[in-house]
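Engineer: Encoded as structure tokens, here's the structure I'll be asking about.
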Amino acid sequence: MSTPMVETAETVEAAGTVKASGTRRRPGWRSPSLVVGAALLLTVLALALVSLLWSPYALDHTDPAARLTGPSARHWAGTDRLGRDQFTQLMLGARTAVWIGLASVAVAFVIGVPLGLLAAAAGRFVENAVIAVIDIVIAFPTLLLAMLLVTVYGPSTAVAISAIGIGVSAEVARLTRISASRVFTQDYVLAARTCGTGPLMILVRHVLPNIWPTLLVQATLAFGVAVIAEASLSYLGLGTPPPAPSWGRMLQEAQSTMSVAPWNVLLPGIAVAVTVVGVNLLGDGLREVLDPQLRQERRAADR
Amino acid sequence: MLGYLVRRGGWLIGSLFVAGSGVFFLLRVLPGDPAVTLLAVGSSPDQIGAIRHQLGTDRPVLTQYGHWLGDLVTGNLGNSLFTQTPVLDQIAGRLPVTVPLALSAFVLSIVVAVPIGVFAAVRRRGLLGLAVSALTQLGIALPIFWIGIVVVWLVAVQWRALPPGGFPRAGWQEPGAAVQSLVLPVVTLTIAQASVLVRYVRSATLDVLSQEYVRTARSLGYSLPRALWRHGPRNGAAAVVQILGILLASSLLGTVVIESVFALPGLGSLLLTSVKARDLPIVQGTVFLMTATVLVMGLVVDVVQRLVDPRLRARA
């Protein structure tokens, strides 16, 4: 599920600075993937935000006379087998996806970043122990973790967020450790140490400013992973329970009425794809914009 | 190499132990009494006590843990709460569906993805190369069950070419029907897996393409395909082997969702129904088995990587 990350660690300067070699940070709008990705993601965010204030119908509104109708002026995306407006469901589903996505990424970073920093900063013994834990959690896929938690607690939004968050945190910790240990071997960290700077200060002053671009890219990618995981859990009936709408459950319900209302299958799937493609493009774009060296390498490779 | 195998093997046993214990304690120590959740609301304390005794949850957690570990070493995963049949038998009964599904999707995605990935790397600025990149981007972003639903709609509902789901009751004794019912699940899983693999193969090939030895080979008069063929496999192999390990593991996990889409009676659907029914021993056994498979795959990957790439051996 995870895309390979290009480790940007020491190659990325803090925001707005100009490297000695004269490579300037490229303005964001010059990366097409960043622009397209941000546009796709903003569409989904807008749907989710607007749904807080307005949606075509109320969540529990059913129109028994118009069950399984196709797209029309009254129901922009048609209705399901209970006569619920699919566009309303789609908008509220966006809210669920964005909320669970953001919360899972937050959980993953709250667990993963300190763990990775600890492994990088502490001695070899702690580092190896953390690496071992990370390896095991990575072998423990999110889906299985979610199933274990659902067995004990039953399906809920909190279970989905914890399972996805813990699942993703292993990758976050791995990446934090790798990029942070790279910073720790730099001469300026050695210099700071010689001057008597404490480990915490080194983390704040040198490590975090150097690894945040990597983490930011990872956060966008993790959001995409979380959105797909949420949809899968809901599809299997293990995610946010009804009546809160979810793209995954819309698809599960649409599958049973597929022979009469195939159009109901299309939109929720496209919604997930738009979100995830948007997030992945945004991640690629951010990486390009934030990492001058990668950009140069690409240009060299294309020559 | 032998010393490495021993160390890596010890590491595997250690992680199996930690993973198994993790599963055990997650299901036992987390608040929430399985006996209470198992029974209907308003059950008498006696009934709850009986279930607790049957589950063994009336004993101290550490005693339960000891029993579980002892059973595990002797290959006993306990009995299902509801059917009382051994968990291992239940799992074994599901493998004839899941193993062919996961393995054929795995093999098929390699056959499809490796040529496409190399092609996309060589023609990275051509129209077809860009199209491949865009398609795989989409393949990764679409949930696998959505791909499955669309495949069913197209092939089973519109064309009526293949069954939309299910598996013959007689299983592999009806080979024709069994194969037919696995075609669409395998195709769906392959589409999803190949999208991931194409991207890895493409970037591994790009990496090889940018190396000096390819330029040298070209300057010696080799054509690009011949230079790639001569240097590509050995140099890109280690990276690809690692991805194959991840891919085989995710094929296995993908079956959980795929079996749900196509109503197949495999390991994944056993796990899903047991989670919903809260059949703890089955959940515990199946999850442990799946995690163990992933961990063992990791070991195989590491060993094969060292076999194909002498540089890794030298570094240690």
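All residue names refer to the structure tokens as shown: chains lettered A, B, ... in order, residues numbered from 1 in each chain, ligands numbered from 1 in order.
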Provide as number ranges by chain the residues of chain B at most 6 Å from chain A, counting only C-alpha atoms.

Structural biologist: B: 141-142, 146, 275, 278, 291, 294

Engineer: With N, CA and C atoms retained, could you export that selection as a short mmCIF file (atom, residue, chain, number, x, y, z; two decimals), in the first residue's frame?

Structural biologist:
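As a result, again.cif now contains:
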data_model
loop_
_atom_site.label_atom_id
_atom_site.label_comp_id
_atom_site.auth_asym_id
_atom_site.auth_seq_id
_atom_site.Cartn_x
_atom_site.Cartn_y
_atom_site.Cartn_z
N ALA B 141 -4.98 3.97 -6.77
CA ALA B 141 -5.91 4.83 -6.03
C ALA B 141 -7.29 4.21 -5.90
N LEU B 142 -7.64 3.29 -6.80
CA LEU B 142 -8.98 2.71 -6.73
C LEU B 142 -9.00 1.59 -5.70
N TRP B 146 -13.78 -2.01 -5.43
CA TRP B 146 -14.47 -1.29 -6.51
C TRP B 146 -14.12 -1.90 -7.86
N VAL B 275 -14.88 -12.63 12.91
CA VAL B 275 -14.78 -11.34 13.57
C VAL B 275 -16.18 -10.85 13.93
N ARG B 278 -17.56 -12.88 16.63
CA ARG B 278 -16.67 -12.85 17.79
C ARG B 278 -16.22 -14.23 18.21
N THR B 291 -0.15 -13.41 9.79
CA THR B 291 1.03 -12.64 10.17
C THR B 291 2.29 -13.50 10.04
N VAL B 294 3.40 -13.66 6.53
CA VAL B 294 4.07 -12.44 6.11
C VAL B 294 5.51 -12.42 6.63
#

Engineer: Can you list every residue in segment 148-295 of chain A that DSSP puts in helix (DSSP H, G or I), as a JSON list (two decimals) with C-alpha atoms, in the first residue's frame?

Structural biologist:
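Dumped to part_13.json:
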[["chain", "number", "residue", "atom", "x", "y", "z"],
["A", 148, "LEU", "CA", -8.64, -7.79, 16.01],
["A", 149, "LEU", "CA", -9.89, -4.52, 17.49],
["A", 150, "VAL", "CA", -13.38, -4.98, 16.03],
["A", 151, "THR", "CA", -13.54, -8.47, 17.55],
["A", 152, "VAL", "CA", -13.08, -6.94, 20.99],
["A", 153, "TYR", "CA", -14.85, -3.59, 20.71],
["A", 157, "THR", "CA", -15.14, 5.22, 14.21],
["A", 158, "ALA", "CA", -12.60, 5.18, 17.05],
["A", 159, "VAL", "CA", -11.58, 1.59, 16.25],
["A", 160, "ALA", "CA", -11.12, 2.46, 12.57],
["A", 161, "ILE", "CA", -8.98, 5.51, 13.45],
["A", 162, "SER", "CA", -6.82, 3.62, 15.95],
["A", 163, "ALA", "CA", -6.27, 0.64, 13.65],
["A", 164, "ILE", "CA", -5.39, 2.76, 10.62],
["A", 165, "GLY", "CA", -3.30, 5.15, 12.73],
["A", 166, "ILE", "CA", -1.25, 2.39, 14.36],
["A", 167, "GLY", "CA", -0.85, 0.58, 11.04],
["A", 168, "VAL", "CA", 0.48, 3.71, 9.32],
["A", 169, "SER", "CA", 2.62, 4.78, 12.31],
["A", 170, "ALA", "CA", 5.16, 2.01, 11.63],
["A", 171, "GLU", "CA", 6.00, 3.46, 8.23],
["A", 172, "VAL", "CA", 6.17, 6.98, 9.73],
["A", 173, "ALA", "CA", 8.53, 5.78, 12.48],
["A", 174, "ARG", "CA", 10.73, 3.98, 9.97],
["A", 175, "LEU", "CA", 11.07, 7.04, 7.78],
["A", 176, "THR", "CA", 11.62, 9.42, 10.72],
["A", 177, "ARG", "CA", 14.38, 7.20, 12.05],
["A", 178, "ILE", "CA", 16.17, 6.97, 8.71],
["A", 179, "SER", "CA", 16.05, 10.68, 7.93],
["A", 180, "ALA", "CA", 16.84, 11.75, 11.52],
["A", 181, "SER", "CA", 19.84, 9.43, 11.85],
["A", 182, "ARG", "CA", 21.17, 10.95, 8.66],
["A", 183, "VAL", "CA", 21.00, 14.42, 10.20],
["A", 184, "PHE", "CA", 22.67, 13.14, 13.37],
["A", 187, "ASP", "CA", 29.14, 17.87, 11.01],
["A", 188, "TYR", "CA", 26.95, 20.71, 12.26],
["A", 189, "VAL", "CA", 25.33, 18.37, 14.77],
["A", 190, "LEU", "CA", 28.77, 17.34, 15.95],
["A", 191, "ALA", "CA", 29.69, 21.01, 16.21],
["A", 192, "ALA", "CA", 26.56, 21.77, 18.20],
["A", 193, "ARG", "CA", 27.34, 18.86, 20.51],
["A", 194, "THR", "CA", 30.85, 20.11, 21.08],
["A", 199, "PRO", "CA", 19.97, 16.50, 22.74],
["A", 200, "LEU", "CA", 16.53, 18.08, 22.94],
["A", 201, "MET", "CA", 17.85, 21.36, 21.57],
["A", 202, "ILE", "CA", 19.61, 19.51, 18.75],
["A", 203, "LEU", "CA", 16.30, 17.85, 17.89],
["A", 204, "VAL", "CA", 14.45, 21.16, 17.81],
["A", 205, "ARG", "CA", 17.16, 23.25, 16.14],
["A", 206, "HIS", "CA", 18.71, 20.83, 13.66],
["A", 207, "VAL", "CA", 16.79, 17.61, 13.20],
["A", 208, "LEU", "CA", 13.18, 18.71, 12.91],
["A", 209, "PRO", "CA", 13.86, 21.62, 10.53],
["A", 210, "ASN", "CA", 15.71, 19.20, 8.28],
["A", 211, "ILE", "CA", 13.24, 16.34, 8.25],
["A", 212, "TRP", "CA", 9.89, 18.12, 8.16],
["A", 213, "PRO", "CA", 9.67, 18.19, 4.36],
["A", 214, "THR", "CA", 10.08, 14.41, 4.29],
["A", 215, "LEU", "CA", 7.44, 14.05, 6.98],
["A", 216, "LEU", "CA", 5.06, 16.40, 5.19],
["A", 217, "VAL", "CA", 5.27, 14.34, 2.00],
["A", 218, "GLN", "CA", 4.77, 11.19, 4.06],
["A", 219, "ALA", "CA", 1.72, 12.71, 5.75],
["A", 220, "THR", "CA", 0.01, 13.40, 2.42],
["A", 221, "LEU", "CA", 0.69, 9.85, 1.21],
["A", 222, "ALA", "CA", -0.48, 8.42, 4.54],
["A", 223, "PHE", "CA", -3.75, 10.32, 4.17],
["A", 224, "GLY", "CA", -4.40, 8.49, 0.90],
["A", 225, "VAL", "CA", -3.61, 5.14, 2.50],
["A", 226, "ALA", "CA", -6.00, 5.97, 5.33],
["A", 227, "VAL", "CA", -8.84, 6.92, 2.98],
["A", 228, "ILE", "CA", -8.57, 3.60, 1.10],
["A", 229, "ALA", "CA", -8.32, 1.70, 4.40],
["A", 230, "GLU", "CA", -11.43, 3.46, 5.72],
["A", 231, "ALA", "CA", -13.39, 2.60, 2.57],
["A", 232, "SER", "CA", -12.26, -1.04, 2.78],
["A", 233, "LEU", "CA", -13.22, -1.35, 6.44],
["A", 234, "SER", "CA", -16.65, 0.17, 5.78],
["A", 235, "TYR", "CA", -17.12, -2.10, 2.76],
["A", 247, "TRP", "CA", -18.10, 5.61, 0.53],
["A", 248, "GLY", "CA", -17.17, 2.03, 1.37],
["A", 249, "ARG", "CA", -20.62, 1.15, 2.67],
["A", 250, "MET", "CA", -22.30, 2.93, -0.25],
["A", 251, "LEU", "CA", -20.37, 0.59, -2.53],
["A", 252, "GLN", "CA", -21.28, -2.44, -0.48],
["A", 253, "GLU", "CA", -24.98, -1.51, -0.72],
["A", 254, "ALA", "CA", -24.70, -0.60, -4.41],
["A", 255, "GLN", "CA", -23.19, -4.01, -5.17],
["A", 256, "SER", "CA", -26.43, -5.75, -4.19],
["A", 263, "TRP", "CA", -24.63, 3.90, -11.80],
["A", 264, "ASN", "CA", -24.69, 3.77, -7.99],
["A", 265, "VAL", "CA", -21.41, 1.86, -8.10],
["A", 266, "LEU", "CA", -19.56, 4.49, -10.11],
["A", 267, "LEU", "CA", -19.60, 7.65, -8.00],
["A", 268, "PRO", "CA", -18.34, 6.39, -4.63],
["A", 269, "GLY", "CA", -15.47, 4.59, -6.37],
["A", 270, "ILE", "CA", -14.59, 7.70, -8.33],
["A", 271, "ALA", "CA", -14.76, 9.74, -5.12],
["A", 272, "VAL", "CA", -12.16, 7.47, -3.46],
["A", 273, "ALA", "CA", -9.98, 7.54, -6.58],
["A", 274, "VAL", "CA", -10.13, 11.35, -6.89],
["A", 275, "THR", "CA", -9.11, 11.72, -3.24],
["A", 276, "VAL", "CA", -6.24, 9.26, -3.42],
["A", 277, "VAL", "CA", -4.93, 10.37, -6.84],
["A", 278, "GLY", "CA", -5.15, 13.96, -5.58],
["A", 279, "VAL", "CA", -3.19, 13.16, -2.45],
["A", 280, "ASN", "CA", -0.54, 11.15, -4.31],
["A", 281, "LEU", "CA", -0.04, 13.92, -6.89],
["A", 282, "LEU", "CA", 0.17, 16.48, -4.11],
["A", 283, "GLY", "CA", 2.79, 14.33, -2.36],
["A", 284, "ASP", "CA", 4.83, 14.01, -5.58],
["A", 285, "GLY", "CA", 4.53, 17.74, -6.18],
["A", 286, "LEU", "CA", 5.57, 18.64, -2.64],
["A", 287, "ARG", "CA", 8.56, 16.36, -2.94],
["A", 288, "GLU", "CA", 9.62, 18.06, -6.16],
["A", 289, "VAL", "CA", 9.12, 21.53, -4.76],
["A", 290, "LEU", "CA", 10.79, 20.85, -1.42],
["A", 292, "PRO", "CA", 16.03, 20.85, -5.06],
["A", 293, "GLN", "CA", 18.45, 17.97, -5.47],
["A", 294, "LEU", "CA", 15.81, 15.50, -6.60],
["A", 295, "ARG", "CA", 14.74, 18.05, -9.20]]

Engineer: Using only C-alpha atoms, which residue out of B:Gln158, B:Gln211, B:Thr273, B:Gln305 lies closest to Val240 of chain B?

Structural biologist: B:Gln305

Engineer: Could you jot down the atom CA of Thr79 of chain A to atom CA of Asp63 of chain A separation for me, Å, one decimal place?

Structural biologist: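 Interatomic distance, atom CA of Thr79 of chain A to atom CA of Asp63 of chain A: 8.3 Å.
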
Engineer: Could you give me, as a short mmCIF file (atom, residue, chain, number, x, y, z; two decimals) with C-alpha atoms, in the first residue's frame, the residues within 6 Å of Gly266 of chain B, counting only C-alpha atoms and dropping anything in the same chain fewer than 5 positions from it?

Structural biologist:
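The file below, around.cif, is the result:
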data_model
loop_
_atom_site.label_atom_id
_atom_site.label_comp_id
_atom_site.auth_asym_id
_atom_site.auth_seq_id
_atom_site.Cartn_x
_atom_site.Cartn_y
_atom_site.Cartn_z
CA ARG B 94 -10.46 -22.86 3.44
CA VAL B 97 -9.84 -21.50 -2.22
CA THR B 98 -7.40 -18.92 -0.86
#

Engineer: If we count only C-alpha atoms, what is near Phe87 of chain A at a cut-off of 10 Å, once residues fewer than 6 positions away on the same chain are taken out, given as a count of residues only?

Structural biologist: 12

Engineer: One decimal, Å: what's the distance from atom CA of Val23 of chain B over to atom CA of Thr286 of chain B, could you say?

Structural biologist: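 These two atoms are separated by 10.4 Å.
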
Engineer: Among segment 39-87 of chain A, which residues carry a DSSP assignment of strand (DSSP E or B), reported as a PyMOL selection string?

Structural biologist: chain A and resi 62+79+84-85
